[in-house]
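Below is coords-v3.txt, which holds compact mmCIF, C-alpha atoms.
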```txt
# COMPACT_ATOMS: atom_id res chain seq x y z
CA MET A 21 90.80 39.89 116.01
CA LYS A 22 87.10 39.04 115.84
CA ASN A 23 84.65 41.18 117.71
CA PHE A 24 83.29 39.75 120.95
CA GLU A 25 80.42 40.33 123.34
CA PHE A 26 81.44 42.55 126.25
CA HIS A 27 79.09 42.38 129.22
CA ARG A 28 79.28 44.74 132.19
CA PRO A 29 77.10 43.26 134.93
CA GLN A 30 76.37 45.42 137.97
CA LYS A 31 76.24 42.56 140.47
CA LEU A 32 78.35 39.48 141.12
CA ALA A 33 75.28 37.21 140.92
CA GLU A 34 74.58 38.56 137.43
CA ALA A 35 78.19 37.92 136.41
CA LEU A 36 78.05 34.35 137.70
CA ASP A 37 74.76 33.78 135.86
CA LEU A 38 76.21 35.03 132.57
CA PHE A 39 79.36 33.02 133.11
CA GLY A 40 77.33 29.87 133.68
CA GLN A 41 75.08 30.55 130.67
CA HIS A 42 77.98 30.93 128.26
CA LYS A 43 79.81 27.80 129.43
CA GLY A 44 83.18 27.53 127.72
CA ARG A 45 82.61 30.51 125.40
CA ALA A 46 83.21 33.15 128.08
CA ARG A 47 86.06 34.56 130.13
CA ILE A 48 86.16 36.92 133.07
CA TRP A 49 87.68 40.35 132.33
CA ALA A 50 89.36 42.55 134.93
CA GLY A 51 92.31 44.74 133.84
CA GLY A 52 92.64 42.94 130.54
CA THR A 53 96.41 43.41 130.38
CA ASP A 54 97.10 39.71 129.77
CA LEU A 55 93.83 38.68 128.14
CA LEU A 56 93.74 41.38 125.45
CA VAL A 57 97.26 40.55 124.28
CA ARG A 58 96.39 36.85 124.07
CA LEU A 59 93.20 37.61 122.16
CA ARG A 60 95.12 39.73 119.68
CA ASP A 61 97.74 37.01 119.27
CA ARG A 62 94.87 34.61 118.63
CA ALA A 63 96.31 32.41 121.37
CA LEU A 64 92.77 32.53 122.70
CA GLN A 65 89.50 32.74 120.85
CA ILE A 66 86.80 33.96 123.15
CA GLU A 67 83.34 35.10 122.05
CA VAL A 68 82.10 36.48 125.37
CA LEU A 69 83.89 38.63 127.93
CA ILE A 70 82.38 39.46 131.29
CA ASP A 71 83.80 42.66 132.80
CA LEU A 72 83.72 42.70 136.60
CA LYS A 73 84.64 46.37 137.00
CA GLN A 74 81.08 47.71 137.36
CA ILE A 75 80.51 45.51 140.39
CA SER A 76 81.16 47.46 143.57
CA HIS A 77 83.20 46.16 146.51
CA LEU A 78 85.46 43.94 144.44
CA ASP A 79 88.34 46.40 144.66
CA ILE A 80 88.46 46.93 148.39
CA ILE A 81 91.69 46.95 150.41
CA HIS A 82 90.82 46.20 154.03
CA TYR A 83 93.29 45.78 156.87
CA ASP A 84 92.32 44.44 160.29
CA GLN A 85 95.27 44.46 162.68
CA ASN A 86 93.90 41.42 164.53
CA VAL A 87 93.35 39.34 161.41
CA GLY A 88 95.25 40.55 158.39
CA LEU A 89 94.74 41.97 154.92
CA ARG A 90 91.80 41.45 152.62
CA LEU A 91 92.20 42.30 148.93
CA GLY A 92 89.28 42.31 146.53
CA THR A 93 90.04 40.57 143.25
CA LEU A 94 89.95 43.86 141.33
CA VAL A 95 92.52 45.67 143.49
CA ARG A 96 94.94 47.24 141.04
CA ILE A 97 98.60 46.24 141.21
CA ARG A 98 99.51 49.95 141.30
CA ASP A 99 97.34 50.40 144.38
CA ILE A 100 99.05 47.48 146.12
CA GLU A 101 102.37 49.16 145.27
CA THR A 102 101.42 52.56 146.68
CA SER A 103 98.99 51.73 149.50
CA LYS A 104 100.36 53.06 152.79
CA ILE A 105 98.67 50.32 154.78
CA ILE A 106 100.20 47.58 152.62
CA ARG A 107 103.66 49.21 152.54
CA GLU A 108 103.64 49.38 156.34
CA ASN A 109 102.25 45.95 157.13
CA PHE A 110 103.18 43.75 154.15
CA PRO A 111 106.06 45.55 152.40
CA ILE A 112 106.90 42.38 150.43
CA LEU A 113 103.59 42.79 148.57
CA SER A 114 104.17 46.43 147.68
CA GLU A 115 107.67 45.67 146.48
CA ALA A 116 106.53 42.71 144.40
CA ALA A 117 103.71 44.79 142.91
CA GLY A 118 106.27 47.39 141.86
CA THR A 119 108.15 44.83 139.77
CA LEU A 120 105.17 43.96 137.57
CA GLY A 121 105.19 45.45 134.07
CA SER A 122 105.21 49.22 134.18
CA ILE A 123 103.25 51.94 135.96
CA GLN A 124 100.90 52.09 132.98
CA VAL A 125 100.26 48.33 133.13
CA ARG A 126 99.97 48.38 136.93
CA ASN A 127 97.23 51.01 136.68
CA LYS A 128 95.05 48.44 134.89
CA ALA A 129 96.32 45.03 136.05
CA THR A 130 94.60 43.44 139.05
CA VAL A 131 95.72 40.98 141.71
CA GLY A 132 92.91 38.55 140.79
CA GLY A 133 93.86 38.73 137.14
CA ASN A 134 97.54 38.11 137.88
CA LEU A 135 96.65 34.98 139.85
CA CYS A 136 93.95 33.65 137.48
CA ASN A 137 96.12 34.16 134.39
CA ALA A 138 98.43 31.77 136.23
CA SER A 139 101.62 32.49 134.38
CA PRO A 140 104.44 30.48 135.99
CA SER A 141 106.20 33.84 136.46
CA ALA A 142 103.23 35.74 137.96
CA ASP A 143 104.82 38.30 140.27
CA MET A 144 102.13 38.40 142.95
CA ALA A 145 102.03 34.62 143.41
CA PRO A 146 105.32 33.88 145.23
CA PRO A 147 104.92 36.61 147.88
CA LEU A 148 101.24 35.79 148.46
CA ILE A 149 101.96 32.06 148.80
CA ALA A 150 104.90 32.78 151.11
CA LEU A 151 102.55 34.85 153.30
CA GLY A 152 100.08 31.96 153.51
CA ALA A 153 97.34 33.68 151.53
CA GLU A 154 93.95 32.12 150.88
CA VAL A 155 91.60 32.85 148.01
CA LYS A 156 87.81 33.06 148.04
CA ILE A 157 86.08 31.57 145.04
CA ALA A 158 82.46 32.22 144.11
CA GLY A 159 80.43 29.82 142.00
CA LYS A 160 76.74 29.36 141.26
CA GLY A 161 75.14 29.30 144.70
CA GLN A 162 78.27 28.62 146.70
CA GLU A 163 81.48 30.09 147.95
CA LYS A 164 84.66 28.28 148.92
CA THR A 165 88.09 29.11 150.30
CA LEU A 166 91.34 27.61 149.12
CA PRO A 167 94.97 28.12 150.16
CA LEU A 168 96.70 29.96 147.31
CA GLU A 169 99.40 27.30 147.45
CA LYS A 170 96.84 24.84 146.07
CA PHE A 171 95.39 27.22 143.47
CA PHE A 172 97.86 26.69 140.63
CA LYS A 173 97.64 23.50 138.54
CA GLY A 174 99.86 24.24 135.55
CA PRO A 175 100.89 27.08 133.24
CA GLY A 176 97.68 29.05 132.70
CA GLU A 177 95.66 26.53 134.72
CA THR A 178 94.06 27.05 138.08
CA ALA A 179 91.73 25.25 140.46
CA LEU A 180 88.84 27.38 139.16
CA GLU A 181 86.11 25.20 137.73
CA ASN A 182 83.69 26.20 135.00
CA GLY A 183 81.71 29.24 136.05
CA GLU A 184 83.81 30.06 139.12
CA VAL A 185 85.28 33.47 139.88
CA LEU A 186 88.06 34.42 142.29
CA THR A 187 86.61 37.23 144.42
CA GLU A 188 89.05 37.87 147.25
CA VAL A 189 92.57 37.24 148.51
CA ASN A 190 93.08 37.04 152.27
CA ILE A 191 96.48 37.38 153.86
CA PRO A 192 96.92 36.57 157.56
CA ASN A 193 99.12 38.81 159.69
CA MET A 194 102.73 37.69 159.82
CA ALA A 195 104.06 36.18 163.03
CA PRO A 196 106.10 38.55 165.23
CA HIS A 197 109.74 39.04 164.19
CA SER A 198 108.94 38.29 160.57
CA TYR A 199 109.98 40.00 157.38
CA GLY A 200 109.45 39.12 153.73
CA VAL A 201 111.47 39.99 150.62
CA TYR A 202 110.65 39.38 146.93
CA LEU A 203 113.50 39.51 144.44
CA LYS A 204 112.87 39.37 140.71
CA GLN A 205 115.66 38.88 138.24
CA GLY A 206 114.91 40.07 134.75
CA ARG A 207 116.79 41.42 131.77
CA ARG A 208 115.74 44.95 132.66
CA LYS A 209 114.21 46.85 135.56
CA ALA A 210 110.71 47.15 134.12
CA LEU A 211 108.49 45.66 131.42
CA ASP A 212 109.98 42.19 131.68
CA LEU A 213 108.92 38.78 132.93
CA ALA A 214 110.95 37.25 135.71
CA VAL A 215 113.81 34.99 134.65
CA ALA A 216 113.49 33.81 138.24
CA GLY A 217 111.53 35.21 141.18
CA VAL A 218 112.07 34.37 144.83
CA ALA A 219 109.87 35.33 147.78
CA SER A 220 111.20 34.57 151.25
CA VAL A 221 109.27 35.18 154.44
CA LEU A 222 111.52 34.77 157.46
CA THR A 223 110.40 34.42 161.09
CA MET A 224 113.01 34.64 163.84
CA ASP A 225 112.86 34.07 167.60
CA PRO A 226 112.56 37.20 169.80
CA LYS A 227 116.36 37.33 170.26
CA LEU A 228 116.80 37.24 166.45
CA SER A 229 119.30 34.44 166.88
CA LYS A 230 117.44 31.49 165.43
CA CYS A 231 115.11 30.98 162.47
CA VAL A 232 111.73 29.82 163.74
CA ASP A 233 110.08 29.55 160.34
CA ILE A 234 110.92 30.21 156.72
CA ARG A 235 108.81 30.06 153.59
CA ILE A 236 110.54 30.27 150.24
CA VAL A 237 108.47 30.41 147.05
CA LEU A 238 110.02 30.31 143.59
CA GLY A 239 108.46 31.82 140.47
CA ALA A 240 109.24 31.36 136.78
CA VAL A 241 111.32 28.23 137.39
CA ALA A 242 108.62 25.55 137.37
CA PRO A 243 105.23 25.04 135.71
CA ILE A 244 103.66 26.70 138.75
CA PRO A 245 104.95 28.92 141.56
CA MET A 246 106.48 26.44 143.99
CA ARG A 247 107.57 26.18 147.63
CA ALA A 248 111.25 25.29 147.98
CA LYS A 249 110.48 22.93 150.85
CA LYS A 250 113.81 21.09 150.91
CA ALA A 251 115.70 24.38 151.10
CA GLU A 252 113.32 25.56 153.84
CA ALA A 253 114.03 22.45 155.91
CA VAL A 254 117.74 23.24 155.99
CA ILE A 255 117.15 26.81 157.18
CA ARG A 256 114.40 26.24 159.71
CA GLY A 257 115.91 26.12 163.23
CA SER A 258 119.30 27.38 162.03
CA ASP A 259 121.25 30.54 162.84
CA LEU A 260 121.23 31.65 159.18
CA SER A 261 125.00 31.27 158.93
CA ASP A 262 126.67 31.55 155.55
CA SER A 263 127.20 27.79 155.33
CA VAL A 264 123.51 27.12 156.01
CA LEU A 265 122.37 29.66 153.43
CA ASN A 266 124.85 28.40 150.84
CA GLU A 267 123.57 24.86 151.32
CA ALA A 268 119.96 26.00 151.11
CA ALA A 269 120.70 27.99 147.96
CA LYS A 270 122.20 24.94 146.30
CA ILE A 271 119.24 22.79 147.30
CA ALA A 272 116.71 25.34 146.06
CA ALA A 273 118.54 25.56 142.73
CA GLY A 274 118.24 21.79 142.43
CA GLU A 275 114.61 21.60 143.62
CA CYS A 276 113.18 23.77 140.90
CA ALA A 277 112.45 22.81 137.29
CA PRO A 278 113.29 25.73 135.02
CA ILE A 279 113.20 25.62 131.24
CA SER A 280 115.52 27.23 128.70
CA ASP A 281 113.69 29.84 126.66
CA VAL A 282 114.25 33.13 124.88
CA ARG A 283 114.82 34.93 128.18
CA ALA A 284 117.36 32.61 129.84
CA SER A 285 118.79 29.11 129.93
CA GLU A 286 117.90 26.46 132.48
CA TRP A 287 121.43 26.56 133.86
CA TYR A 288 121.34 30.33 134.39
CA ARG A 289 117.94 30.20 136.05
CA ARG A 290 119.20 27.70 138.59
CA GLU A 291 122.19 29.96 139.32
CA VAL A 292 119.86 32.91 139.81
CA VAL A 293 117.55 30.94 142.13
CA GLY A 294 120.50 30.03 144.34
CA ALA A 295 121.71 33.63 144.50
CA LEU A 296 118.27 35.12 145.14
CA VAL A 297 117.36 32.61 147.86
CA LYS A 298 120.47 33.55 149.81
CA ARG A 299 120.11 37.27 149.14
CA SER A 300 116.43 37.50 149.98
CA ILE A 301 116.93 35.83 153.35
CA GLN A 302 119.94 37.99 154.17
CA GLN A 303 117.97 41.10 153.27
CA ALA A 304 115.00 39.99 155.38
CA PHE A 305 117.28 39.37 158.34
CA LYS A 306 118.96 42.76 157.89
CA LYS A 307 115.56 44.47 158.00
CA LEU A 308 114.66 42.64 161.20
CA THR A 309 117.89 43.63 162.93
CA ALA A 310 117.55 47.22 161.71
CA CYS A 311 114.07 47.51 163.23
CA ALA A 312 115.09 45.88 166.50
CA MET B 240 72.77 48.36 122.05
CA ASN B 241 73.76 44.72 122.19
CA ALA B 242 76.92 43.43 123.83
CA LEU B 243 78.86 43.68 120.54
CA GLN B 244 78.55 47.45 120.18
CA HIS B 245 78.51 50.14 122.82
CA ASN B 246 77.54 53.76 123.12
CA VAL B 247 80.32 55.48 125.03
CA LYS B 248 80.64 58.96 126.45
CA PHE B 249 83.93 60.42 127.58
CA ILE B 250 85.74 63.69 127.94
CA ILE B 251 88.96 64.08 125.99
CA ASN B 252 91.15 67.11 126.66
CA GLY B 253 88.17 68.84 128.21
CA GLU B 254 85.80 68.16 125.29
CA PRO B 255 82.83 65.76 125.60
CA TYR B 256 82.49 62.99 123.01
CA GLU B 257 79.77 60.44 122.40
CA ILE B 258 80.46 57.64 119.92
CA THR B 259 79.58 54.06 119.10
CA VAL B 260 82.36 51.50 119.32
CA CYS B 261 82.78 47.76 118.86
CA SER B 262 83.76 45.73 121.96
CA LYS B 263 87.16 44.99 120.48
CA ASP B 264 88.09 48.59 119.64
CA SER B 265 90.98 49.83 121.73
CA LEU B 266 91.03 53.37 123.09
CA LEU B 267 94.20 53.83 121.03
CA ASP B 268 92.48 52.97 117.75
CA VAL B 269 89.47 55.12 118.60
CA LEU B 270 91.70 58.11 119.44
CA ARG B 271 93.77 57.78 116.28
CA GLU B 272 91.38 56.40 113.66
CA THR B 273 87.93 57.55 114.75
CA LEU B 274 88.76 60.87 116.39
CA GLY B 275 91.84 61.86 114.39
CA LEU B 276 93.93 62.45 117.53
CA THR B 277 97.11 60.97 116.13
CA GLY B 278 99.46 62.47 118.71
CA THR B 279 99.19 59.22 120.68
CA LYS B 280 101.38 56.64 118.92
CA LYS B 281 100.96 52.92 118.28
CA GLY B 282 104.25 51.17 119.01
CA CYS B 283 103.87 47.54 120.04
CA ASN B 284 100.09 47.40 120.57
CA SER B 285 100.67 45.07 123.53
CA GLY B 286 101.51 47.26 126.51
CA GLU B 287 105.25 46.71 126.28
CA CYS B 288 106.61 50.05 125.01
CA GLY B 289 104.52 52.90 126.46
CA ALA B 290 104.31 54.88 123.21
CA CYS B 291 100.52 54.97 123.57
CA THR B 292 100.50 56.32 127.13
CA VAL B 293 97.51 58.55 127.88
CA ILE B 294 96.13 59.83 131.18
CA VAL B 295 92.76 58.40 132.23
CA ASP B 296 91.16 59.87 135.37
CA GLY B 297 94.59 61.17 136.39
CA LYS B 298 96.48 57.89 135.88
CA PRO B 299 98.83 56.94 133.06
CA VAL B 300 97.70 53.86 131.15
CA ASN B 301 98.49 52.18 127.83
CA ALA B 302 95.72 53.17 125.42
CA CYS B 303 96.40 49.96 123.49
CA LEU B 304 95.42 47.87 126.50
CA THR B 305 92.30 49.92 127.25
CA LEU B 306 89.13 48.97 125.43
CA ALA B 307 87.22 52.04 124.24
CA VAL B 308 84.15 50.72 126.05
CA GLU B 309 86.14 50.68 129.31
CA ALA B 310 86.79 54.40 128.88
CA ASP B 311 83.06 55.14 129.12
CA GLY B 312 82.48 57.91 131.64
CA LYS B 313 86.17 58.72 132.04
CA GLU B 314 88.26 61.85 131.63
CA ILE B 315 91.09 61.40 129.21
CA LEU B 316 94.11 63.60 128.58
CA THR B 317 96.22 63.08 125.47
CA ILE B 318 99.33 64.91 124.26
CA GLU B 319 97.12 67.26 122.28
CA GLY B 320 95.59 68.42 125.54
CA LEU B 321 98.82 69.64 127.09
CA SER B 322 99.30 72.69 124.93
CA GLU B 323 96.94 75.61 125.37
CA GLY B 324 95.91 77.68 122.36
CA GLY B 325 98.88 76.40 120.40
CA LYS B 326 101.34 77.29 123.17
CA LEU B 327 103.42 74.33 124.37
CA SER B 328 103.52 73.46 128.06
CA SER B 329 106.73 74.05 130.02
CA LEU B 330 107.40 70.30 129.96
CA GLN B 331 107.02 70.17 126.18
CA GLU B 332 109.29 73.22 125.78
CA SER B 333 111.87 71.63 128.05
CA PHE B 334 111.96 68.48 125.87
CA LEU B 335 112.67 70.63 122.81
CA GLU B 336 115.27 72.81 124.58
CA HIS B 337 117.18 69.82 125.91
CA GLY B 338 117.34 67.83 122.68
CA ALA B 339 115.15 65.13 124.23
CA VAL B 340 113.31 64.55 120.92
CA GLN B 341 114.88 62.70 117.99
CA CYS B 342 112.40 60.71 115.92
CA GLY B 343 109.67 61.84 118.28
CA TYR B 344 107.78 58.56 118.36
CA CYS B 345 108.23 57.89 122.08
CA THR B 346 107.82 61.56 122.96
CA PRO B 347 104.08 61.90 123.52
CA GLY B 348 104.07 58.85 125.78
CA MET B 349 107.18 60.07 127.62
CA ILE B 350 105.59 63.44 128.20
CA MET B 351 102.34 61.96 129.48
CA SER B 352 104.22 59.75 131.98
CA SER B 353 106.40 62.63 133.15
CA GLN B 354 103.42 64.98 133.37
CA VAL B 355 101.77 62.62 135.87
CA LEU B 356 105.02 62.41 137.83
CA LEU B 357 105.29 66.19 138.06
CA ASN B 358 101.61 66.47 139.02
CA GLU B 359 102.13 64.10 141.94
CA ASN B 360 105.73 64.95 142.82
CA PRO B 361 106.69 68.48 141.70
CA VAL B 362 110.38 68.12 142.55
CA PRO B 363 111.36 64.50 141.83
CA SER B 364 114.83 63.07 142.26
CA GLU B 365 116.64 61.58 139.27
CA GLU B 366 115.78 58.10 140.58
CA GLU B 367 112.11 59.04 140.76
CA ILE B 368 112.21 60.38 137.21
CA ARG B 369 113.81 57.17 135.96
CA ASN B 370 111.16 55.08 137.70
CA ALA B 371 108.35 57.21 136.32
CA ILE B 372 109.46 56.69 132.71
CA ALA B 373 110.48 53.03 133.15
CA GLY B 374 107.39 52.07 131.15
CA ASN B 375 108.36 54.20 128.14
CA PHE B 376 110.96 52.92 125.70
CA CYS B 377 113.14 55.18 123.56
CA ARG B 378 115.31 53.75 120.80
CA CYS B 379 116.98 57.01 119.79
CA THR B 380 118.14 59.19 122.64
CA GLY B 381 119.58 56.90 125.30
CA TYR B 382 117.23 58.60 127.80
CA THR B 383 119.80 61.02 129.28
CA LYS B 384 118.39 64.16 127.69
CA ILE B 385 114.84 63.08 128.45
CA ILE B 386 115.71 62.78 132.14
CA GLU B 387 117.47 66.18 132.01
CA ALA B 388 114.43 67.77 130.35
CA ILE B 389 112.10 66.51 133.06
CA GLY B 390 114.56 67.42 135.81
CA ALA B 391 114.86 70.97 134.43
CA VAL B 392 111.11 71.56 134.81
CA ALA B 393 111.33 70.33 138.40
CA VAL B 394 114.26 72.64 139.15
CA THR B 395 112.42 75.62 137.65
CA ARG B 396 109.41 74.84 139.81
CA ALA B 397 111.60 74.43 142.89
CA GLY B 398 113.21 77.77 142.14
CA LYS B 399 109.80 79.39 142.00
CA LYS B 400 108.85 78.18 145.50
```

Re-express the file's structure as C-alpha cells.
Amino acid sequence: MKNFEFHRPQKLAEALDLFGQHKGRARIWAGGTDLLVRLRDRALQIEVLIDLKQISHLDIIHYDQNVGLRLGTLVRIRDIETSKIIRENFPILSEAAGTLGSIQVRNKATVGGNLCNASPSADMAPPLIALGAEVKIAGKGQEKTLPLEKFFKGPGETALENGEVLTEVNIPNMAPHSYGVYLKQGRRKALDLAVAGVASVLTMDPKLSKCVDIRIVLGAVAPIPMRAKKAEAVIRGSDLSDSVLNEAAKIAAGECAPISDVRASEWYRREVVGALVKRSIQQAFKKLTACA
Amino acid sequence: MNALQHNVKFIINGEPYEITVCSKDSLLDVLRETLGLTGTKKGCNSGECGACTVIVDGKPVNACLTLAVEADGKEILTIEGLSEGGKLSSLQESFLEHGAVQCGYCTPGMIMSSQVLLNENPVPSEEEIRNAIAGNFCRCTGYTKIIEAIGAVAVTRAGKK
C-alpha cells in the first residue's frame, strides 16, 4: 500500500476546505474500519485522507424527549450499543449496533462511516431508515438535510456530492405504541456481514389490536437498503394475524433483489427475508404487549 | 512534519514513547516491527480475527485497523503489559492452568478482550464471556477451555468478595 497524506483538521470548515482543494484525490476518514481494508486490498487508491476525529462536537449523542435523537457522524457504533439513553428510547438501534463486526471493530467504527461506506448490508441503515432518520450534510458554504431513505444510490454510492460531508443523523421520536426490531442473519454471531437484514418498526393503536403503521427495511438483499413497501401495505391496518404476516413475508421475499455470492444463494436470501419479516414483527408486537 | 509523516507520542504499558511514523503505518506494525513488542499477533490484518487486539484508552481495538498516527496521545496496553516483573497476571495463569492455550496465536488477543470484560464486569455470566470474546477467533481449542479459564478468574474474584 502506498503512503498517503493524513490530515487532522481541528475544525469542520478546515476539513471542508481541504476536501474541496483535493477534489477527487481525497476521502474522509472516521473509524477507518472499512476504508483501511479497501486501501490495503487496493480496491481504492487514495492519496489524501482527511481525519475528522480532532474536530469537536462531531461525536455527540443528544436526546430531546420532545424531538428525538441526534447522533454526530463520529458516534462510535459501540457507544450506540451501550448508551443507556439509546437502549431505553431506541432499542432497535442499540441491538443493530451490537450486530456489527465485533466489539473491537465497534470501538472504532462510526455511524457516519457505516452510512457513507454504503455497503448494501450496512447494519445501521435498515433500522435508521425504518425510524425515519434524516441526515445533515455539510458542503462548502452550505448545509442541507436529506431523508436517509434517499441517501443511498447504489453499492458504495451515496447522495454525497464532491466535497460534501455527512455531519449528523437525526432520528425523530417514535409514535406512541411503537416498537422496532432488527434481525440480522449471518453465518455466525459476530464478525460477519448480513446474509439478510430486516428492520421492522411497528406502530399499533392504543388497544394494541390493529396495526396503524409499519415500516420494513431490508438490508443485504438489494443494491441499497430498501423499504419493503408492498409487504408494508398488506400489514398496515391489519390485526397482524398469521395469515397476514405469512402473506407479507412472501411479498417481501419477492420484492427484494438479492444476489448469490460466497455467503449465500439468492434463493436462500429470499427465504431468510420472509422468515425475518414475520419474526421481527411478531417480536415487536410481543414487546408492546409485554410493556402494556 | 508534512502530512505523509507524523511525530507521535503515546504511552505503552506505562512507558512513554515518541517516534516518527508514516501515515500508512498501522499500530500493529509499529508495535511489532518498530518497537519489538511482538506479543501482539498479526492474523488477518483486516479486523476479522482479533489476534491483534490491544487496549487503547481502556477499550479493546484491532491494532491492525488503527493507524499509528491515530494512537497519538493515547494510552496503550499490550499483552506484555499484563505481567508485572515477570509474574503472570491471574488471568494469564488461569489460561495456562485450564489448557486454554494450544498454538498460542489467538491467546494475547483473547486475554486482552477478556481483561477488558473483567475490568468492566468482574463476575460475568458465561453468555457475557462468550459475547466479550466473539471478536477473537481460535482455530485450535474450540473455545471451551478459554471460556472456563475466564470464568475461573471471575469465580475466584466472587469468592474473595

Compile a residue-level contact table for chain A against chain B at a cut-off of 7 Å, reporting for every qualifying residue the shortest atom pair and its distance in Å to one decimal, with all atoms listed in the file counted, rows ordered by chain and ascending number, as a Markdown table.
```
| residue | atom | partner | partner_atom | distance |
| --- | --- | --- | --- | --- |
| A:Asn23 | CA | B:Lys263 | CA | 5.3 |
| A:Phe24 | CA | B:Leu243 | CA | 5.9 |
| A:Glu25 | CA | B:Leu243 | CA | 4.6 |
| A:Phe26 | CA | B:Ala242 | CA | 5.2 |
| A:His27 | CA | B:Ala242 | CA | 5.9 |
| A:Gly52 | CA | B:Leu304 | CA | 7.0 |
| A:Thr53 | CA | B:Leu304 | CA | 6.0 |
| A:Leu56 | CA | B:Leu304 | CA | 6.8 |
| A:Val57 | CA | B:Ser285 | CA | 5.7 |
| A:Ser122 | CA | B:Gly374 | CA | 4.7 |
| A:Ile123 | CA | B:Gly374 | CA | 6.3 |
| A:Gln124 | CA | B:Val300 | CA | 4.1 |
| A:Val125 | CA | B:Val300 | CA | 6.4 |
| A:Asn127 | CA | B:Val300 | CA | 6.2 |
| A:Ala210 | CA | B:Ala373 | CA | 6.0 |
| A:Leu211 | CA | B:Glu287 | CA | 6.2 |
```

Pull C-alpha atoms from the residues just selected and write them as a PDB file, in the coordinates of the input.
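File produced: again17.pdb:
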```pdb
ATOM      1  CA  ASN A  23      84.650  41.180 117.710  1.00  0.00           C
ATOM      2  CA  PHE A  24      83.290  39.750 120.950  1.00  0.00           C
ATOM      3  CA  GLU A  25      80.420  40.330 123.340  1.00  0.00           C
ATOM      4  CA  PHE A  26      81.440  42.550 126.250  1.00  0.00           C
ATOM      5  CA  HIS A  27      79.090  42.380 129.220  1.00  0.00           C
ATOM      6  CA  GLY A  52      92.640  42.940 130.540  1.00  0.00           C
ATOM      7  CA  THR A  53      96.410  43.410 130.380  1.00  0.00           C
ATOM      8  CA  LEU A  56      93.740  41.380 125.450  1.00  0.00           C
ATOM      9  CA  VAL A  57      97.260  40.550 124.280  1.00  0.00           C
ATOM     10  CA  SER A 122     105.210  49.220 134.180  1.00  0.00           C
ATOM     11  CA  ILE A 123     103.250  51.940 135.960  1.00  0.00           C
ATOM     12  CA  GLN A 124     100.900  52.090 132.980  1.00  0.00           C
ATOM     13  CA  VAL A 125     100.260  48.330 133.130  1.00  0.00           C
ATOM     14  CA  ASN A 127      97.230  51.010 136.680  1.00  0.00           C
ATOM     15  CA  ALA A 210     110.710  47.150 134.120  1.00  0.00           C
ATOM     16  CA  LEU A 211     108.490  45.660 131.420  1.00  0.00           C
TER      17      LEU A 211
END
```

- Message: When you look at Leu94 of chain A with a cut-off of 12 Å (counting all atoms listed in the file), what residues show up, excluding the ones that are within fewer than 3 positions of it in the same chain? I need them as JSON, numbers by chain.
- Response: {"A": [48, 49, 50, 51, 52, 71, 72, 73, 74, 75, 76, 77, 78, 79, 80, 81, 90, 91, 97, 98, 99, 100, 126, 127, 128, 129, 130, 131, 132, 133, 134, 135, 136, 185, 186, 187, 188, 189]}

- Task: Quick one: residues within 7 Å of (91.6, 42.0, 115.3) (file frame), counting all atoms listed in the file, please, as a list of chain:residue names.
- Result: A:Met21, A:Lys22, A:Arg60

Deliver the residues from the most recent selection as a file, using C-alpha atoms, as a PDB file, in the coordinates of the input.
```pdb
ATOM      1  CA  MET A  21      90.800  39.890 116.010  1.00  0.00           C
ATOM      2  CA  LYS A  22      87.100  39.040 115.840  1.00  0.00           C
ATOM      3  CA  ARG A  60      95.120  39.730 119.680  1.00  0.00           C
TER       4      ARG A  60
END
```

Axis-aligned box for segment 275-292 of chain B, 8 Å per side, centre and edges in Å as lines of an AutoDock Vina configuration file:
```
center_x = 99.2
center_y = 53.8
center_z = 120.8
size_x = 30.8
size_y = 33.4
size_z = 28.7
```

- Query: What lies within 12 Å of Lys164 of chain A using only C-alpha atoms, ignoring chain neighbours under 2 positions off, as a ChimeraX atom specification?
  - Reply: /A:154-162,166-167,179-181,184-189

- Query: Between B:Met349, B:Ala290, B:Asn246, B:Gln354, which one has atoms that come closest to Ala307 of chain B, using all atoms listed in the file?
  - Reply: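 Checking each of B:Met349, B:Ala290, B:Asn246, B:Gln354 against Ala307 of chain B, counting all atoms listed in the file, the winner is B:Asn246.
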
- Which protein, DNA or RNA residues are at most 9 Å from (110.6, 43.4, 136.9) in the file's coordinates when you count only C-alpha atoms, listed as a list of chain:residue names?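 Nearby residues: A:Ala116, A:Gly118, A:Thr119, A:Leu120, A:Gly121, A:Ser122, A:Asp143, A:Leu203, A:Lys204, A:Gln205, A:Gly206, A:Arg207, A:Arg208, A:Lys209, A:Ala210, A:Leu211, A:Asp212, A:Leu213, A:Ala214.
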
- Task: Could you tell me how far atom CA of Leu113 of chain A lies from atom CA of Arg96 of chain A, in Å and to one decimal?
- Result: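 Atom CA of Arg96 of chain A lies 12.3 Å from atom CA of Leu113 of chain A.
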
- Separation of atom CA of Ala393 of chain B and atom CA of Glu367 of chain B, in Å? 11.6 Å

Your completed segment 310-316 of chain B with N, CA and C atoms, as a PDB file, keeping the file's coordinate frame:
```pdb
ATOM      1  N   ALA B 310      86.533  52.986 128.627  1.00  0.00           N
ATOM      2  CA  ALA B 310      86.790  54.400 128.880  1.00  0.00           C
ATOM      3  C   ALA B 310      85.494  55.176 129.071  1.00  0.00           C
ATOM      4  N   ASP B 311      84.363  54.498 128.959  1.00  0.00           N
ATOM      5  CA  ASP B 311      83.060  55.140 129.120  1.00  0.00           C
ATOM      6  C   ASP B 311      82.992  55.876 130.459  1.00  0.00           C
ATOM      7  N   GLY B 312      82.621  57.135 130.414  1.00  0.00           N
ATOM      8  CA  GLY B 312      82.480  57.910 131.640  1.00  0.00           C
ATOM      9  C   GLY B 312      83.772  58.464 132.195  1.00  0.00           C
ATOM     10  N   LYS B 313      84.868  58.298 131.486  1.00  0.00           N
ATOM     11  CA  LYS B 313      86.170  58.720 132.040  1.00  0.00           C
ATOM     12  C   LYS B 313      86.636  60.049 131.444  1.00  0.00           C
ATOM     13  N   GLU B 314      87.608  60.633 132.131  1.00  0.00           N
ATOM     14  CA  GLU B 314      88.260  61.850 131.630  1.00  0.00           C
ATOM     15  C   GLU B 314      89.621  61.489 131.105  1.00  0.00           C
ATOM     16  N   ILE B 315      89.860  61.820 129.858  1.00  0.00           N
ATOM     17  CA  ILE B 315      91.090  61.400 129.210  1.00  0.00           C
ATOM     18  C   ILE B 315      91.902  62.617 128.793  1.00  0.00           C
ATOM     19  N   LEU B 316      93.201  62.545 129.020  1.00  0.00           N
ATOM     20  CA  LEU B 316      94.110  63.600 128.580  1.00  0.00           C
ATOM     21  C   LEU B 316      95.122  62.978 127.630  1.00  0.00           C
TER      22      LEU B 316
END
```
